[in-house]
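Have a look at run-v2.cif; it's mmCIF, C-alpha atoms:
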```
data_data
loop_
_atom_site.group_PDB
_atom_site.id
_atom_site.type_symbol
_atom_site.label_atom_id
_atom_site.label_comp_id
_atom_site.auth_asym_id
_atom_site.auth_seq_id
_atom_site.Cartn_x
_atom_site.Cartn_y
_atom_site.Cartn_z
ATOM 1 C CA MET A 1227 -12.494 -17.283 -15.326
ATOM 2 C CA LYS A 1228 -10.249 -18.122 -12.397
ATOM 3 C CA ILE A 1229 -8.017 -15.328 -11.032
ATOM 4 C CA LEU A 1230 -5.223 -15.861 -8.494
ATOM 5 C CA ILE A 1231 -4.441 -12.828 -6.334
ATOM 6 C CA ALA A 1232 -1.063 -12.836 -4.579
ATOM 7 C CA ASP A 1233 -0.515 -10.197 -1.905
ATOM 8 C CA ASP A 1234 0.849 -10.466 1.621
ATOM 9 C CA SER A 1235 -1.733 -7.940 2.839
ATOM 10 C CA ARG A 1236 -5.141 -9.450 3.522
ATOM 11 C CA VAL A 1237 -6.820 -6.054 3.254
ATOM 12 C CA MET A 1238 -5.196 -5.447 -0.117
ATOM 13 C CA ARG A 1239 -6.463 -8.814 -1.435
ATOM 14 C CA GLN A 1240 -9.947 -7.722 -0.340
ATOM 15 C CA ILE A 1241 -9.505 -4.363 -2.073
ATOM 16 C CA VAL A 1242 -8.369 -6.035 -5.308
ATOM 17 C CA ILE A 1243 -11.434 -8.317 -5.233
ATOM 18 C CA ARG A 1244 -13.720 -5.342 -4.480
ATOM 19 C CA THR A 1245 -12.143 -3.270 -7.253
ATOM 20 C CA LEU A 1246 -12.534 -6.094 -9.761
ATOM 21 C CA ARG A 1247 -16.225 -6.143 -8.891
ATOM 22 C CA GLN A 1248 -16.490 -2.342 -9.206
ATOM 23 C CA ALA A 1249 -14.766 -2.575 -12.588
ATOM 24 C CA GLY A 1250 -17.475 -4.903 -13.831
ATOM 25 C CA HIS A 1251 -15.401 -8.066 -13.414
ATOM 26 C CA GLY A 1252 -17.270 -9.651 -10.524
ATOM 27 C CA GLY A 1253 -18.320 -13.261 -10.634
ATOM 28 C CA HIS A 1254 -14.882 -14.673 -11.368
ATOM 29 C CA GLU A 1255 -13.542 -17.487 -9.225
ATOM 30 C CA ILE A 1256 -10.833 -16.065 -6.942
ATOM 31 C CA VAL A 1257 -7.870 -17.908 -5.433
ATOM 32 C CA GLU A 1258 -5.844 -16.020 -2.814
ATOM 33 C CA ALA A 1259 -2.135 -16.452 -2.065
ATOM 34 C CA GLU A 1260 -0.083 -14.814 0.692
ATOM 35 C CA ASN A 1261 3.253 -14.569 -1.108
ATOM 36 C CA GLY A 1262 5.110 -15.697 -4.209
ATOM 37 C CA ALA A 1263 5.931 -19.163 -2.906
ATOM 38 C CA ASP A 1264 2.318 -19.762 -1.881
ATOM 39 C CA ALA A 1265 1.182 -18.449 -5.265
ATOM 40 C CA PHE A 1266 3.582 -20.727 -7.166
ATOM 41 C CA SER A 1267 2.191 -23.865 -5.552
ATOM 42 C CA LYS A 1268 -1.439 -22.687 -5.845
ATOM 43 C CA ILE A 1269 -0.947 -21.880 -9.547
ATOM 44 C CA ALA A 1270 0.247 -25.465 -10.095
ATOM 45 C CA GLU A 1271 -2.715 -26.828 -8.115
ATOM 46 C CA THR A 1272 -5.517 -24.637 -9.455
ATOM 47 C CA SER A 1273 -4.421 -23.587 -12.988
ATOM 48 C CA PRO A 1274 -5.769 -19.996 -12.891
ATOM 49 C CA ASP A 1275 -6.480 -18.077 -16.105
ATOM 50 C CA LEU A 1276 -4.820 -14.918 -14.775
ATOM 51 C CA VAL A 1277 -2.433 -14.018 -11.951
ATOM 52 C CA LEU A 1278 -2.571 -10.588 -10.263
ATOM 53 C CA SER A 1279 0.482 -10.252 -8.050
ATOM 54 C CA ASP A 1280 1.995 -7.740 -5.666
ATOM 55 C CA TRP A 1281 5.704 -7.035 -6.147
ATOM 56 C CA ASN A 1282 7.124 -6.808 -2.603
ATOM 57 C CA MET A 1283 6.213 -9.891 -0.597
ATOM 58 C CA PRO A 1284 8.007 -12.081 1.954
ATOM 59 C CA GLU A 1285 9.197 -15.629 1.056
ATOM 60 C CA MET A 1286 9.192 -14.894 -2.671
ATOM 61 C CA ASN A 1287 8.547 -11.550 -4.338
ATOM 62 C CA GLY A 1288 6.424 -11.026 -7.426
ATOM 63 C CA ILE A 1289 9.196 -10.689 -9.987
ATOM 64 C CA ASP A 1290 10.852 -13.895 -8.747
ATOM 65 C CA LEU A 1291 7.466 -15.636 -8.896
ATOM 66 C CA LEU A 1292 7.092 -14.567 -12.512
ATOM 67 C CA ALA A 1293 10.619 -15.763 -13.355
ATOM 68 C CA GLN A 1294 10.026 -19.113 -11.668
ATOM 69 C CA LEU A 1295 6.714 -19.584 -13.483
ATOM 70 C CA ARG A 1296 8.281 -18.911 -16.863
ATOM 71 C CA ALA A 1297 11.296 -21.108 -16.035
ATOM 72 C CA SER A 1298 8.916 -23.951 -15.201
ATOM 73 C CA GLY A 1299 7.182 -23.519 -18.557
ATOM 74 C CA SER A 1300 3.997 -21.889 -17.242
ATOM 75 C CA PRO A 1301 2.606 -19.351 -19.733
ATOM 76 C CA VAL A 1302 -0.121 -18.121 -17.323
ATOM 77 C CA PRO A 1303 -1.090 -14.487 -18.056
ATOM 78 C CA PHE A 1304 0.482 -12.369 -15.308
ATOM 79 C CA GLY A 1305 0.003 -8.768 -14.172
ATOM 80 C CA PHE A 1306 1.440 -6.785 -11.282
ATOM 81 C CA VAL A 1307 -0.646 -4.789 -8.806
ATOM 82 C CA THR A 1308 1.957 -2.904 -6.830
ATOM 83 C CA SER A 1309 2.931 0.336 -5.151
ATOM 84 C CA GLU A 1310 6.080 0.275 -7.306
ATOM 85 C CA GLY A 1311 5.076 2.235 -10.387
ATOM 86 C CA SER A 1312 8.389 3.682 -11.592
ATOM 87 C CA ALA A 1313 9.538 3.417 -15.207
ATOM 88 C CA GLU A 1314 12.344 1.060 -14.120
ATOM 89 C CA MET A 1315 9.914 -1.295 -12.377
ATOM 90 C CA ARG A 1316 7.568 -1.232 -15.368
ATOM 91 C CA GLN A 1317 10.509 -2.117 -17.620
ATOM 92 C CA ARG A 1318 11.519 -5.012 -15.341
ATOM 93 C CA ALA A 1319 7.936 -6.245 -15.247
ATOM 94 C CA GLU A 1320 7.608 -6.149 -19.004
ATOM 95 C CA SER A 1321 10.914 -7.838 -19.728
ATOM 96 C CA GLY A 1322 10.015 -10.528 -17.184
ATOM 97 C CA GLY A 1323 6.911 -11.326 -19.200
ATOM 98 C CA ALA A 1324 4.198 -9.432 -17.321
ATOM 99 C CA LEU A 1325 1.256 -8.169 -19.387
ATOM 100 C CA PHE A 1326 0.624 -5.055 -17.324
ATOM 101 C CA LEU A 1327 1.441 -3.206 -14.107
ATOM 102 C CA ILE A 1328 -1.330 -1.527 -12.122
ATOM 103 C CA ALA A 1329 0.093 0.962 -9.610
ATOM 104 C CA LYS A 1330 -1.468 1.273 -6.157
ATOM 105 C CA PRO A 1331 -3.570 3.177 -5.327
ATOM 106 C CA PHE A 1332 -5.645 2.176 -8.320
ATOM 107 C CA THR A 1333 -9.074 2.866 -9.751
ATOM 108 C CA PRO A 1334 -11.668 0.429 -11.135
ATOM 109 C CA GLU A 1335 -10.986 2.006 -14.537
ATOM 110 C CA ALA A 1336 -7.292 1.063 -14.336
ATOM 111 C CA PHE A 1337 -8.302 -2.544 -13.615
ATOM 112 C CA ASP A 1338 -10.821 -2.630 -16.443
ATOM 113 C CA GLU A 1339 -8.281 -1.231 -18.898
ATOM 114 C CA ALA A 1340 -5.569 -3.681 -17.810
ATOM 115 C CA LEU A 1341 -7.863 -6.709 -17.961
ATOM 116 C CA ARG A 1342 -9.213 -5.750 -21.365
ATOM 117 C CA SER A 1343 -5.668 -5.301 -22.670
ATOM 118 C CA THR A 1344 -5.032 -8.994 -22.033
ATOM 119 C CA GLY A 1345 -7.860 -10.057 -24.320
ATOM 120 C CA LEU A 1346 -9.069 -12.450 -21.613
ATOM 121 C CA VAL A 1347 -12.310 -10.593 -20.885
ATOM 122 C CA MET P 316 19.435 13.730 -5.047
ATOM 123 C CA SER P 317 17.246 14.262 -2.047
ATOM 124 C CA THR P 318 14.038 12.549 -1.037
ATOM 125 C CA HIS P 319 10.926 14.131 -2.485
ATOM 126 C CA LEU P 320 8.686 15.898 0.031
ATOM 127 C CA PRO P 321 5.114 15.090 -1.015
ATOM 128 C CA ALA P 322 2.823 18.069 -1.491
ATOM 129 C CA PRO P 323 -0.478 18.206 0.415
ATOM 130 C CA ILE P 324 -2.434 17.536 -2.771
ATOM 131 C CA GLN P 325 -0.492 14.291 -3.288
ATOM 132 C CA VAL P 326 -1.453 13.161 0.221
ATOM 133 C CA ARG P 327 -5.092 14.006 -0.354
ATOM 134 C CA GLU P 328 -5.229 12.309 -3.761
ATOM 135 C CA LEU P 329 -3.477 9.173 -2.527
ATOM 136 C CA LEU P 330 -5.813 8.753 0.447
ATOM 137 C CA THR P 331 -8.933 9.618 -1.549
ATOM 138 C CA GLU P 332 -8.098 6.993 -4.143
ATOM 139 C CA LEU P 333 -6.872 4.362 -1.712
ATOM 140 C CA LEU P 334 -9.727 4.678 0.776
ATOM 141 C CA GLY P 335 -12.379 5.344 -1.865
ATOM 142 C CA ARG P 336 -13.691 8.268 0.196
ATOM 143 C CA ASP P 337 -13.490 12.023 0.202
ATOM 144 C CA VAL P 338 -10.549 13.260 2.232
ATOM 145 C CA GLU P 339 -10.251 16.890 3.286
ATOM 146 C CA LEU P 340 -6.865 18.281 4.120
ATOM 147 C CA SER P 341 -5.725 21.541 5.652
ATOM 148 C CA PRO P 342 -2.390 22.752 7.022
ATOM 149 C CA GLY P 343 -1.774 21.664 10.620
ATOM 150 C CA ALA P 344 0.692 22.108 13.430
ATOM 151 C CA PRO P 345 3.670 19.701 13.633
ATOM 152 C CA LEU P 346 2.723 16.490 15.404
ATOM 153 C CA ALA P 347 4.622 15.865 18.614
ATOM 154 C CA PRO P 348 4.148 12.219 19.606
ATOM 155 C CA GLY P 349 4.572 11.466 23.291
ATOM 156 C CA PRO P 350 3.062 9.455 26.120
ATOM 157 C CA ALA P 351 -0.071 11.619 26.165
ATOM 158 C CA THR P 352 -0.358 11.815 22.385
ATOM 159 C CA PRO P 353 0.187 8.337 20.949
ATOM 160 C CA ALA P 354 1.050 8.260 17.263
ATOM 161 C CA THR P 355 2.011 5.780 14.577
ATOM 162 C CA ILE P 356 5.478 6.226 13.106
ATOM 163 C CA ALA P 357 6.190 4.670 9.713
ATOM 164 C CA SER P 358 9.820 4.680 8.661
ATOM 165 C CA TYR P 359 10.910 4.662 5.032
ATOM 166 C CA VAL P 360 14.356 3.648 3.802
ATOM 167 C CA ASP P 361 16.206 4.112 0.541
ATOM 168 C CA ASP P 362 17.757 1.256 -1.448
ATOM 169 C CA SER P 363 20.835 1.270 0.792
ATOM 170 C CA LEU P 364 18.584 0.914 3.855
ATOM 171 C CA GLN P 365 19.286 4.440 5.080
ATOM 172 C CA LEU P 366 16.374 6.100 6.833
ATOM 173 C CA ALA P 367 14.955 8.644 4.388
ATOM 174 C CA ALA P 368 11.573 9.741 5.739
ATOM 175 C CA LEU P 369 8.965 9.254 8.424
ATOM 176 C CA VAL P 370 5.215 9.471 8.238
ATOM 177 C CA VAL P 371 3.620 10.166 11.592
ATOM 178 C CA CYS P 372 -0.140 9.742 12.122
ATOM 179 C CA ASP P 373 -1.876 10.582 15.377
ATOM 180 C CA LEU P 374 -4.043 7.876 16.955
ATOM 181 C CA PRO P 375 -7.341 9.181 15.520
ATOM 182 C CA LEU P 376 -6.029 9.307 11.948
ATOM 183 C CA SER P 377 -4.323 5.910 12.380
ATOM 184 C CA ALA P 378 -7.595 4.353 13.539
ATOM 185 C CA HIS P 379 -9.815 6.048 10.947
ATOM 186 C CA ALA P 380 -7.499 5.263 8.023
ATOM 187 C CA GLY P 381 -6.946 1.664 9.175
ATOM 188 C CA ALA P 382 -10.680 1.177 9.453
ATOM 189 C CA ALA P 383 -11.603 2.959 6.214
ATOM 190 C CA ILE P 384 -9.287 0.891 3.991
ATOM 191 C CA GLY P 385 -10.794 -2.366 5.258
ATOM 192 C CA LEU P 386 -14.417 -1.147 5.410
ATOM 193 C CA VAL P 387 -14.287 -1.728 9.172
ATOM 194 C CA PRO P 388 -17.234 0.018 10.927
ATOM 195 C CA PRO P 389 -16.331 3.508 12.235
ATOM 196 C CA ASP P 390 -17.331 2.401 15.762
ATOM 197 C CA GLN P 391 -14.291 0.139 15.916
ATOM 198 C CA ALA P 392 -12.010 3.072 15.104
ATOM 199 C CA LEU P 393 -13.662 5.130 17.845
ATOM 200 C CA ALA P 394 -13.227 2.249 20.312
ATOM 201 C CA ALA P 395 -9.507 2.043 19.503
ATOM 202 C CA ILE P 396 -9.154 5.802 19.982
ATOM 203 C CA ALA P 397 -10.896 5.536 23.375
ATOM 204 C CA ASP P 398 -8.576 2.649 24.313
ATOM 205 C CA GLY P 399 -5.507 4.697 23.393
ATOM 206 C CA ALA P 400 -4.084 2.064 21.036
ATOM 207 C CA LEU P 401 -4.727 0.446 17.661
ATOM 208 C CA THR P 402 -6.007 -3.117 17.531
ATOM 209 C CA ASP P 403 -3.848 -5.613 15.631
ATOM 210 C CA ALA P 404 -6.344 -5.620 12.766
ATOM 211 C CA LEU P 405 -6.353 -1.825 12.429
ATOM 212 C CA ALA P 406 -2.547 -1.771 12.656
ATOM 213 C CA GLU P 407 -2.301 -4.393 9.888
ATOM 214 C CA ASN P 408 -4.629 -2.351 7.680
ATOM 215 C CA LEU P 409 -2.755 0.867 8.417
ATOM 216 C CA TYR P 410 0.490 -0.877 7.455
ATOM 217 C CA GLU P 411 -0.879 -1.314 3.944
ATOM 218 C CA VAL P 412 -2.007 2.325 3.766
ATOM 219 C CA LEU P 413 1.485 3.491 4.721
ATOM 220 C CA ASN P 414 3.121 0.890 2.490
ATOM 221 C CA ILE P 415 1.318 2.327 -0.515
ATOM 222 C CA ALA P 416 2.077 5.846 0.730
ATOM 223 C CA ALA P 417 5.689 5.177 -0.307
ATOM 224 C CA ALA P 418 4.507 5.940 -3.836
ATOM 225 C CA MET P 419 4.254 9.629 -2.821
ATOM 226 C CA PHE P 420 8.027 9.775 -2.385
ATOM 227 C CA ASN P 421 8.857 7.847 -5.547
ATOM 228 C CA VAL P 422 8.585 10.564 -8.169
ATOM 229 C CA ASP P 423 10.863 10.816 -11.197
ATOM 230 C CA GLY P 424 14.322 12.035 -10.259
ATOM 231 C CA ALA P 425 14.014 11.266 -6.547
ATOM 232 C CA PRO P 426 15.698 8.316 -4.828
ATOM 233 C CA HIS P 427 13.515 5.210 -4.450
ATOM 234 C CA VAL P 428 12.208 4.615 -0.926
ATOM 235 C CA ARG P 429 10.039 1.933 0.615
ATOM 236 C CA LEU P 430 8.306 1.302 3.904
ATOM 237 C CA HIS P 431 10.712 -0.332 6.329
ATOM 238 C CA ALA P 432 8.775 -0.581 9.584
ATOM 239 C CA LEU P 433 5.691 0.642 11.333
ATOM 240 C CA ALA P 434 5.325 1.351 15.042
ATOM 241 C CA PRO P 435 1.554 1.478 15.635
ATOM 242 C CA ALA P 436 0.026 4.168 17.846
ATOM 243 C CA GLY P 437 -0.231 3.049 21.454
ATOM 244 C CA GLY P 438 2.718 0.650 21.297
ATOM 245 C CA PRO P 439 6.378 1.186 22.148
ATOM 246 C CA ILE P 440 8.298 3.560 19.893
ATOM 247 C CA ASP P 441 12.078 3.761 19.545
ATOM 248 C CA PRO P 442 13.145 7.069 21.240
ATOM 249 C CA GLN P 443 15.455 7.829 18.315
ATOM 250 C CA LEU P 444 12.542 7.626 15.887
ATOM 251 C CA MET P 445 10.512 9.781 18.235
ATOM 252 C CA ALA P 446 13.275 12.405 18.226
ATOM 253 C CA ARG P 447 13.488 12.273 14.433
ATOM 254 C CA ALA P 448 9.734 12.771 14.206
ATOM 255 C CA LEU P 449 10.138 16.034 16.091
ATOM 256 C CA THR P 450 12.730 17.376 13.648
ATOM 257 C CA LEU P 451 11.804 20.704 12.177
ATOM 258 C CA GLY P 452 12.877 21.426 8.625
ATOM 259 C CA ARG P 453 11.772 19.564 5.536
ATOM 260 C CA ARG P 454 8.344 18.415 6.639
ATOM 261 C CA GLU P 455 4.665 18.666 5.859
ATOM 262 C CA ASP P 456 2.050 18.874 8.611
ATOM 263 C CA ALA P 457 -1.628 18.484 7.910
ATOM 264 C CA ALA P 458 -5.034 17.981 9.474
ATOM 265 C CA LEU P 459 -7.220 15.488 7.606
ATOM 266 C CA THR P 460 -10.820 14.383 7.699
ATOM 267 C CA ILE P 461 -11.833 11.053 6.178
ATOM 268 C CA SER P 462 -15.457 11.239 5.100
ATOM 269 C CA GLY P 463 -17.662 8.821 7.036
ATOM 270 C CA TYR P 464 -14.951 8.199 9.643
ATOM 271 C CA GLY P 465 -13.282 11.149 11.315
ATOM 272 C CA ALA P 466 -10.432 13.587 11.608
ATOM 273 C CA GLY P 467 -6.801 13.329 12.602
ATOM 274 C CA ARG P 468 -3.342 14.666 11.947
ATOM 275 C CA LEU P 469 -0.434 13.596 9.818
ATOM 276 C CA SER P 470 3.156 14.723 9.470
ATOM 277 C CA ILE P 471 5.686 13.768 6.813
ATOM 278 C CA VAL P 472 9.265 14.318 7.960
ATOM 279 C CA LEU P 473 12.345 13.976 5.750
ATOM 280 C CA VAL P 474 15.440 12.934 7.684
#
```
So, in terms of structure tokens, how does the structure I just supplied come out?
Amino acid sequence: MKILIADDSRVMRQIVIRTLRQAGHGGHEIVEAENGADAFSKIAETSPDLVLSDWNMPEMNGIDLLAQLRASGSPVPFGFVTSEGSAEMRQRAESGGALFLIAKPFTPEAFDEALRSTGLV
Amino acid sequence: MSTHLPAPIQVRELLTELLGRDVELSPGAPLAPGPATPATIASYVDDSLQLAALVVCDLPLSAHAGAAIGLVPPDQALAAIADGALTDALAENLYEVLNIAAAMFNVDGAPHVRLHALAPAGGPIDPQLMARALTLGRREDAALTISGYGAGRLSIVLV
């Protein structure tokens, strides 16, 4: 499966990839994006099976990326990986059409649970 | 509503989980950044952009934490400490550590805060921030050791 990871922090993209591997989800094709705008164009170009996105990013944040994807008709499965884990943020994520929200710092178990909940793996 | 002052156990759990390493924590003396003791100052703001809190890390902790999150060899942290300043790469990594550290403040019932800016250890620091970092009152001061890297000091100051 192809997974697009959107995060403005290079080290955090590496940590997400490492954690996926630790969670038993290594071997997927990974596409990296630096912000929401970069992610939007790379999603159109590469058609990933899942998007894992940070919330706070320059250029375009994660919730705006999700809104723009849905407005453009893209049904790509979408989850947040963010330091914003409050009930309000979770509510906004869910009503925007996100499948899950993994709060940073996270564990491999949290990733495994979230990915399994999508039915994609 | 006032900003939540994270308890030492929250700091230890956050760093342990984020760095994927054992982190030991014990009470420490307040950090006093100055020319001879370079320190990183991270400033956190509330949703109306008012300064709410600072996290201050001495140079050793800044270097060890910045290296540990990116699996950078410990030697590079030691080299930065000897140089008296963080490299750009360590500063970028530390930014993400302190960005995620905002989660410690964001407990139920407390105002939402987020990382606003980071002045890395060894670089110029706004004197006003420096003065705020020295404020006594609602603060937490700790000595930490990151397993496989090294020890340093951290202060959380509510303003």
Interface residues on chain P facing chain A, 8 Å, all atoms listed in the file, written as number ranges by chain: P: 329, 332-333, 384-385, 407-408, 411, 414-415, 417-418, 421-423
Gap from atom CA of Ala1324 of chain A to atom CA of Gln325 of chain P - Å, one decimal: 28.0 Å
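Separating atom CA of Leu1292 of chain A from atom CA of Leu1276 of chain A is a distance of 12.1 Å.
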Straight-line distance linking atom CA of Arg454 of chain P with atom CA of Asp373 of chain P, stated in Å to one decimal: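 We find that atom CA of Arg454 of chain P and atom CA of Asp373 of chain P lie 15.6 Å from each other.
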Who sits within 7 Å of Thr460 of chain P, all atoms listed in the file, same chain under 5 positions skipped, as number ranges by chain: P: 338-340, 465-467
Given the PyMOL selection byres ((chain P and resi 346) around 9), the residues it picks as a list in words: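 Taken on the displayed file, the PyMOL selection byres ((chain P and resi 346) around 9) yields the residues Gly343, Ala344, Pro345, Ala347, Pro348, Thr352, Ala354, Val371, Cys372, Asp373, Ala448, Leu449, Asp456, Ala457, Arg468, Leu469 and Ser470 of chain P.
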Residues matched by the PyMOL selection byres ((chain A and resi 1230) around 10), written as a PyMOL selection string: chain A and resi 1228-1229+1231-1233+1255-1259+1265+1268-1269+1272-1279+1304
Please enclose the listed atoms of segment 456-459 of chain P in an axis-aligned box, pad each side by 3 Å, and write out the centre and the three edge lengths in Å, rounded to one decimal, as JSON.
```
{"center_x": -2.6, "center_y": 17.2, "center_z": 8.5, "size_x": 15.3, "size_y": 9.4, "size_z": 7.9}
```
Who sits within 7 Å of Leu1291 of chain A, all atoms listed in the file, same chain under 4 positions skipped, as a list in words: Gly1262, Phe1266, Met1286, Asn1287 and Leu1295 of chain A
Best match for closeness to Ala425 of chain P among P:Leu413, P:Ile461, P:Ala367, P:Ala357, counting all atoms listed in the file: P:Ala367
